[in-house]
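Heads up, the thing below is written out as structure tokens.
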Amino acid sequence: MRPQCSDWRFCGGGGFFTLDGKLPIFSDPAKMIRPEQVTMPRRIRIDPDHLQTLEQRANNAMRKFRAAMSAQKDQARADDARRKIIQGALCETHALANRGSDFAAVYIGLLKDYVRPEDRWLFGDVFRALLPSAEAEKLLAEGDAARLAAERARHDAKAAKANSEPALPNAEPSQPASPAADMARR
């Protein structure tokens, strides 16, 4: 027989009392859930101002992140350029200090093979110091001619770009007036 009980916390579903109906399984009835403690989950209210603030914070964080990444790339690029400058100065100093060495021969060979002709004027002192004068002047003359040609080509390209008219999308008539006019246009 089941014990009769008026308190819902200890009655109903069974299992709250032992078989004899006298000893509760839970030693502290105060820890049991009471009806006034049960709350329904609230609907989350979205405040537009709060959302805007969060969005601004996220945008600021992304901006700072991009700036930090850009600064890191710039620093890496600057470090690389500095390293190359130091290496080049070291090689040039060693080659000029040891003019008859194998290193000087390799260094001048690399300069002749890999420096663009229009940039040879930058190494005029090195060519004059490490090469026979006729060979150095020949390399530098070729370099001056290449530099003038490159400057002329840049100037011509800039002038052509400035003089060119913007192309219209429908600049061509739908049908040519005559075959001769079509050939003249091509």
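We name chains A, B, ... following the order of the structure tokens; residues begin at 1 in each chain, and ligands are numbered from 1 as shown.
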
Distance query Phe123 of chain A at most 12 Å, only C-alpha atoms, self and fewer than 2 positions along chain excluded, as an mmCIF file with C-alpha atoms, in the first residue's frame:
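In the end it all went to result_12.cif:
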```
data_model
loop_
_atom_site.group_PDB
_atom_site.id
_atom_site.type_symbol
_atom_site.label_atom_id
_atom_site.label_comp_id
_atom_site.auth_asym_id
_atom_site.auth_seq_id
_atom_site.Cartn_x
_atom_site.Cartn_y
_atom_site.Cartn_z
ATOM 1 C CA GLY A 88 75.830 43.117 -51.504
ATOM 2 C CA ALA A 89 78.040 45.581 -49.641
ATOM 3 C CA GLU A 92 81.530 44.213 -53.162
ATOM 4 C CA TYR A 107 81.565 38.311 -58.430
ATOM 5 C CA ILE A 108 82.332 40.263 -61.613
ATOM 6 C CA LEU A 110 77.764 37.363 -61.779
ATOM 7 C CA LEU A 111 77.450 41.111 -62.279
ATOM 8 C CA LYS A 112 78.071 40.793 -66.026
ATOM 9 C CA VAL A 115 72.652 42.752 -63.879
ATOM 10 C CA ARG A 116 70.316 44.180 -66.498
ATOM 11 C CA PRO A 117 72.166 46.266 -69.076
ATOM 12 C CA GLU A 118 70.181 49.402 -68.185
ATOM 13 C CA ASP A 119 71.303 48.997 -64.532
ATOM 14 C CA ARG A 120 75.022 48.493 -65.213
ATOM 15 C CA TRP A 121 75.761 52.165 -64.613
ATOM 16 C CA ASP A 125 83.078 51.814 -60.265
ATOM 17 C CA VAL A 126 83.179 48.047 -59.664
ATOM 18 C CA PHE A 127 83.498 47.269 -63.388
ATOM 19 C CA ARG A 128 86.298 49.852 -63.763
ATOM 20 C CA ALA A 129 88.131 48.517 -60.714
ATOM 21 C CA LEU A 130 87.890 44.778 -61.420
ATOM 22 C CA LEU A 131 87.922 44.580 -65.235
ATOM 23 C CA ALA A 136 84.597 47.858 -68.507
ATOM 24 C CA GLU A 137 83.931 50.754 -70.890
ATOM 25 C CA LEU A 139 79.967 46.997 -70.773
ATOM 26 C CA LEU A 140 79.109 50.481 -69.534
ATOM 27 C CA GLY A 143 74.451 49.675 -70.482
ATOM 28 C CA ASP A 144 74.074 53.390 -71.313
#
```

Members of segment 98-163 of chain A assigned alpha helix (DSSP H) by DSSP, as a ChimeraX atom specification: /A:102-114,124-130,133-163
